[in-house]
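Everything below belongs to entry34.cif, which stores mmCIF, C-alpha atoms, pLDDT in the B column; chains and numbers go by the auth columns.
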data_model
#
loop_
_atom_site.group_PDB
_atom_site.id
_atom_site.type_symbol
_atom_site.label_atom_id
_atom_site.label_comp_id
_atom_site.label_asym_id
_atom_site.label_seq_id
_atom_site.Cartn_x
_atom_site.Cartn_y
_atom_site.Cartn_z
_atom_site.B_iso_or_equiv
_atom_site.auth_seq_id
_atom_site.auth_asym_id
ATOM 1 C CA MET A 1 126.760 32.601 91.980 49.00 16 L
ATOM 2 C CA SER A 2 129.047 29.559 92.181 61.00 17 L
ATOM 3 C CA ASP A 3 131.934 31.775 93.322 93.00 18 L
ATOM 4 C CA PHE A 4 129.742 33.141 96.110 97.00 19 L
ATOM 5 C CA SER A 5 128.644 29.624 96.998 96.00 20 L
ATOM 6 C CA THR A 6 132.254 28.434 97.209 96.00 21 L
ATOM 7 C CA LEU A 7 133.213 31.442 99.325 97.00 22 L
ATOM 8 C CA VAL A 8 130.363 30.813 101.770 98.00 23 L
ATOM 9 C CA ASP A 9 131.278 27.115 102.000 97.00 24 L
ATOM 10 C CA ARG A 10 134.862 28.088 102.856 98.00 25 L
ATOM 11 C CA TYR A 11 133.587 30.653 105.375 98.00 26 L
ATOM 12 C CA ILE A 12 131.417 28.041 107.123 98.00 27 L
ATOM 13 C CA ALA A 13 134.352 25.608 107.118 98.00 28 L
ATOM 14 C CA ALA A 14 136.516 28.234 108.853 98.00 29 L
ATOM 15 C CA TRP A 15 133.883 28.601 111.585 98.00 30 L
ATOM 16 C CA ASN A 16 133.886 24.812 112.042 98.00 31 L
ATOM 17 C CA GLU A 17 137.685 24.457 112.124 98.00 32 L
ATOM 18 C CA THR A 18 138.721 23.437 115.636 97.00 33 L
ATOM 19 C CA ASP A 19 142.472 23.236 115.032 98.00 34 L
ATOM 20 C CA ALA A 20 143.863 26.694 115.875 98.00 35 L
ATOM 21 C CA ALA A 21 146.599 26.666 113.211 98.00 36 L
ATOM 22 C CA ALA A 22 144.254 25.440 110.481 98.00 37 L
ATOM 23 C CA ARG A 23 141.635 27.993 111.548 98.00 38 L
ATOM 24 C CA ALA A 24 144.216 30.800 111.394 98.00 39 L
ATOM 25 C CA ALA A 25 145.232 29.660 107.909 98.00 40 L
ATOM 26 C CA ALA A 26 141.593 29.546 106.758 98.00 41 L
ATOM 27 C CA VAL A 27 140.961 33.059 108.090 98.00 42 L
ATOM 28 C CA ALA A 28 144.102 34.365 106.378 98.00 43 L
ATOM 29 C CA GLU A 29 142.996 32.846 103.060 98.00 44 L
ATOM 30 C CA LEU A 30 139.439 34.173 103.288 98.00 45 L
ATOM 31 C CA TRP A 31 139.869 37.668 104.733 98.00 46 L
ATOM 32 C CA ALA A 32 141.844 40.618 103.435 98.00 47 L
ATOM 33 C CA GLU A 33 144.758 41.530 105.710 95.00 48 L
ATOM 34 C CA ASP A 34 142.782 44.333 107.379 96.00 49 L
ATOM 35 C CA GLY A 35 139.438 42.530 107.102 98.00 50 L
ATOM 36 C CA GLY A 36 136.782 42.928 109.731 98.00 51 L
ATOM 37 C CA TYR A 37 133.979 41.057 111.419 98.00 52 L
ATOM 38 C CA THR A 38 131.048 42.666 113.245 98.00 53 L
ATOM 39 C CA ASP A 39 128.052 41.062 114.917 97.00 54 L
ATOM 40 C CA PRO A 40 126.009 41.924 118.039 96.00 55 L
ATOM 41 C CA MET A 41 128.739 40.516 120.301 94.00 56 L
ATOM 42 C CA ALA A 42 131.954 41.482 118.497 97.00 57 L
ATOM 43 C CA ALA A 43 133.532 44.159 116.333 98.00 58 L
ATOM 44 C CA VAL A 44 137.059 43.164 115.353 98.00 59 L
ATOM 45 C CA ARG A 45 139.595 43.747 112.625 98.00 60 L
ATOM 46 C CA GLY A 46 142.523 41.599 111.506 98.00 61 L
ATOM 47 C CA HIS A 47 143.155 37.894 111.108 98.00 62 L
ATOM 48 C CA ASP A 48 144.125 37.146 114.709 98.00 63 L
ATOM 49 C CA ALA A 49 141.066 38.895 116.127 98.00 64 L
ATOM 50 C CA ILE A 50 138.699 37.177 113.676 98.00 65 L
ATOM 51 C CA ALA A 51 140.181 33.761 114.488 98.00 66 L
ATOM 52 C CA ALA A 52 139.739 34.573 118.195 98.00 67 L
ATOM 53 C CA VAL A 53 136.040 35.399 117.673 98.00 68 L
ATOM 54 C CA ILE A 54 135.572 32.055 115.930 98.00 69 L
ATOM 55 C CA ALA A 55 137.360 30.236 118.768 98.00 70 L
ATOM 56 C CA GLY A 56 135.139 32.079 121.253 97.00 71 L
ATOM 57 C CA ALA A 57 131.967 30.959 119.469 97.00 72 L
ATOM 58 C CA GLN A 58 133.235 27.381 119.486 97.00 73 L
ATOM 59 C CA GLY A 59 133.914 27.687 123.214 96.00 74 L
ATOM 60 C CA MET A 60 130.366 28.925 123.849 94.00 75 L
ATOM 61 C CA PHE A 61 128.863 26.041 121.877 95.00 76 L
ATOM 62 C CA PRO A 62 131.187 23.032 122.227 95.00 77 L
ATOM 63 C CA GLY A 63 130.348 20.183 119.876 94.00 78 L
ATOM 64 C CA PHE A 64 128.087 22.355 117.724 97.00 79 L
ATOM 65 C CA VAL A 65 128.612 22.782 113.988 98.00 80 L
ATOM 66 C CA PHE A 66 127.817 25.588 111.575 98.00 81 L
ATOM 67 C CA SER A 67 125.995 24.862 108.315 97.00 82 L
ATOM 68 C CA ARG A 68 124.645 26.935 105.460 97.00 83 L
ATOM 69 C CA GLY A 69 121.074 28.083 105.718 97.00 84 L
ATOM 70 C CA GLU A 70 118.554 28.513 102.916 96.00 85 L
ATOM 71 C CA VAL A 71 119.525 32.010 101.718 96.00 86 L
ATOM 72 C CA LEU A 72 122.548 32.711 99.524 97.00 87 L
ATOM 73 C CA ASP A 73 122.505 35.671 97.178 96.00 88 L
ATOM 74 C CA GLY A 74 125.100 38.057 95.850 97.00 89 L
ATOM 75 C CA HIS A 75 125.890 40.805 93.412 96.00 90 L
ATOM 76 C CA HIS A 76 128.903 42.970 92.649 96.00 91 L
ATOM 77 C CA ASP A 77 131.185 42.619 95.679 96.00 92 L
ATOM 78 C CA LEU A 78 128.451 41.648 98.182 97.00 93 L
ATOM 79 C CA VAL A 79 127.114 38.303 99.320 98.00 94 L
ATOM 80 C CA ARG A 80 124.406 37.608 101.879 98.00 95 L
ATOM 81 C CA PHE A 81 123.635 34.240 103.392 98.00 96 L
ATOM 82 C CA THR A 82 122.030 32.521 106.324 98.00 97 L
ATOM 83 C CA TRP A 83 123.692 29.962 108.542 98.00 98 L
ATOM 84 C CA HIS A 84 122.670 27.562 111.285 98.00 99 L
ATOM 85 C CA LEU A 85 124.432 26.399 114.436 98.00 100 L
ATOM 86 C CA ALA A 86 123.398 23.151 116.086 97.00 101 L
ATOM 87 C CA PRO A 87 124.751 20.040 117.741 96.00 102 L
ATOM 88 C CA GLU A 88 126.038 17.609 115.127 91.00 103 L
ATOM 89 C CA GLY A 89 123.107 15.678 113.659 90.00 104 L
ATOM 90 C CA ALA A 90 120.397 17.856 115.248 93.00 105 L
ATOM 91 C CA ALA A 91 117.190 18.368 113.290 91.00 106 L
ATOM 92 C CA GLU A 92 116.730 22.014 114.336 95.00 107 L
ATOM 93 C CA PRO A 93 119.337 24.757 114.710 97.00 108 L
ATOM 94 C CA VAL A 94 119.847 26.376 118.094 96.00 109 L
ATOM 95 C CA VAL A 95 121.146 29.587 116.483 97.00 110 L
ATOM 96 C CA ILE A 96 120.260 31.072 113.094 98.00 111 L
ATOM 97 C CA GLY A 97 122.257 33.943 111.657 98.00 112 L
ATOM 98 C CA PHE A 98 122.279 36.171 108.598 98.00 113 L
ATOM 99 C CA ASP A 99 125.610 37.551 107.375 98.00 114 L
ATOM 100 C CA VAL A 100 126.509 40.062 104.682 98.00 115 L
ATOM 101 C CA ALA A 101 130.077 40.002 103.387 98.00 116 L
ATOM 102 C CA ALA A 102 131.758 42.723 101.321 98.00 117 L
ATOM 103 C CA LEU A 103 134.639 41.494 99.178 97.00 118 L
ATOM 104 C CA ASP A 104 137.749 43.252 97.960 97.00 119 L
ATOM 105 C CA ALA A 105 138.987 43.332 94.355 95.00 120 L
ATOM 106 C CA ASP A 106 140.760 39.980 94.892 95.00 121 L
ATOM 107 C CA GLY A 107 137.587 38.273 96.104 95.00 122 L
ATOM 108 C CA ARG A 108 138.721 38.147 99.729 97.00 123 L
ATOM 109 C CA ILE A 109 136.436 39.268 102.524 98.00 124 L
ATOM 110 C CA ARG A 110 136.825 42.924 103.419 98.00 125 L
ATOM 111 C CA ASP A 111 134.072 43.003 106.041 98.00 126 L
ATOM 112 C CA VAL A 112 131.365 40.733 107.434 98.00 127 L
ATOM 113 C CA HIS A 113 128.270 42.180 109.086 98.00 128 L
ATOM 114 C CA GLY A 114 126.483 39.484 111.056 98.00 129 L
ATOM 115 C CA PHE A 115 122.978 39.386 112.490 98.00 130 L
ATOM 116 C CA LEU A 116 121.470 36.851 114.886 97.00 131 L
ATOM 117 C CA ASP A 117 117.910 35.875 113.954 96.00 132 L
ATOM 118 C CA LYS A 118 117.476 33.122 116.541 95.00 133 L
ATOM 119 C CA VAL A 119 119.439 32.746 119.769 92.00 134 L
ATOM 120 C CA PRO A 120 118.924 30.516 122.785 87.00 135 L
ATOM 121 C CA ALA A 121 117.735 32.032 126.038 80.00 136 L
ATOM 122 C CA MET A 122 120.691 32.190 128.405 66.00 137 L
#
Would you mind writing the file out in structure tokens?
Amino acid sequence: MSDFSTLVDRYIAAWNETDAAARAAAVAELWAEDGGYTDPMAAVRGHDAIAAVIAGAQGMFPGFVFSRGEVLDGHHDLVRFTWHLAPEGAAEPVVIGFDVAALDADGRIRDVHGFLDKVPAM
């Protein structure tokens, strides 16, 4: 489980990385070359597209930070976890999500399937 925990921590850190070059490097380290990301608002493949989705989320919620939620569980090449998005220091998250990541043989992310459990009314 510690490997899954470390992976999820690195994943959350990538979503919080505001420097474009550092974010691109984090995505390249985490995802397989042809890795994908799918959630209700995006379905992309490849490092550049994944980094762009992250930048887009940061643009939608400036000053907000991602953090791990309560759920983290994995087996074989799959890990599932919850995450929160909120302004820094906020007591309650504005967005809550649930992601499932499939890993390749090297332990890099092959695909992420994301779900939004709580979203703000817009």
Give as a VMD selection string the set of residues within 10 Å of the point (130.6, 18.9, 110.7), where distances use the file's coordinates and all atoms listed in the file. chain L and resid 27 to 28 31 to 32 78 to 82 101 to 104
Applied to the shown file, which residues does the PyMOL selection byres ((chain L and resi 83) around 10) return, written as an mmCIF file with C-alpha atoms, in the frame of the given file?
data_model
loop_
_atom_site.group_PDB
_atom_site.id
_atom_site.type_symbol
_atom_site.label_atom_id
_atom_site.label_comp_id
_atom_site.auth_asym_id
_atom_site.auth_seq_id
_atom_site.Cartn_x
_atom_site.Cartn_y
_atom_site.Cartn_z
ATOM 1 C CA SER L 20 128.644 29.624 96.998
ATOM 2 C CA VAL L 23 130.363 30.813 101.770
ATOM 3 C CA ASP L 24 131.278 27.115 102.000
ATOM 4 C CA TYR L 26 133.587 30.653 105.375
ATOM 5 C CA ILE L 27 131.417 28.041 107.123
ATOM 6 C CA ALA L 28 134.352 25.608 107.118
ATOM 7 C CA PHE L 81 127.817 25.588 111.575
ATOM 8 C CA SER L 82 125.995 24.862 108.315
ATOM 9 C CA GLY L 84 121.074 28.083 105.718
ATOM 10 C CA GLU L 85 118.554 28.513 102.916
ATOM 11 C CA VAL L 86 119.525 32.010 101.718
ATOM 12 C CA LEU L 87 122.548 32.711 99.524
ATOM 13 C CA PHE L 96 123.635 34.240 103.392
ATOM 14 C CA THR L 97 122.030 32.521 106.324
ATOM 15 C CA TRP L 98 123.692 29.962 108.542
ATOM 16 C CA HIS L 99 122.670 27.562 111.285
ATOM 17 C CA LEU L 100 124.432 26.399 114.436
ATOM 18 C CA ILE L 111 120.260 31.072 113.094
ATOM 19 C CA GLY L 112 122.257 33.943 111.657
#
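With distances restricted to all atoms listed in the file, L:Ala116 is the closest residue to Asp88 in chain L from L:Ala116, L:Ile124, L:Ala36, L:Met75.
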Between L:Leu118, L:Val42, L:Ala106, L:Ala67, smallest distance to Val94 in chain L by all atoms listed in the file belongs to L:Leu118
Residues selected by the PyMOL selection byres ((chain L and resi 127-131) around 10), written as a PyMOL selection string: chain L and resi 46+50-58+93-98+110-118+124-126+132-134
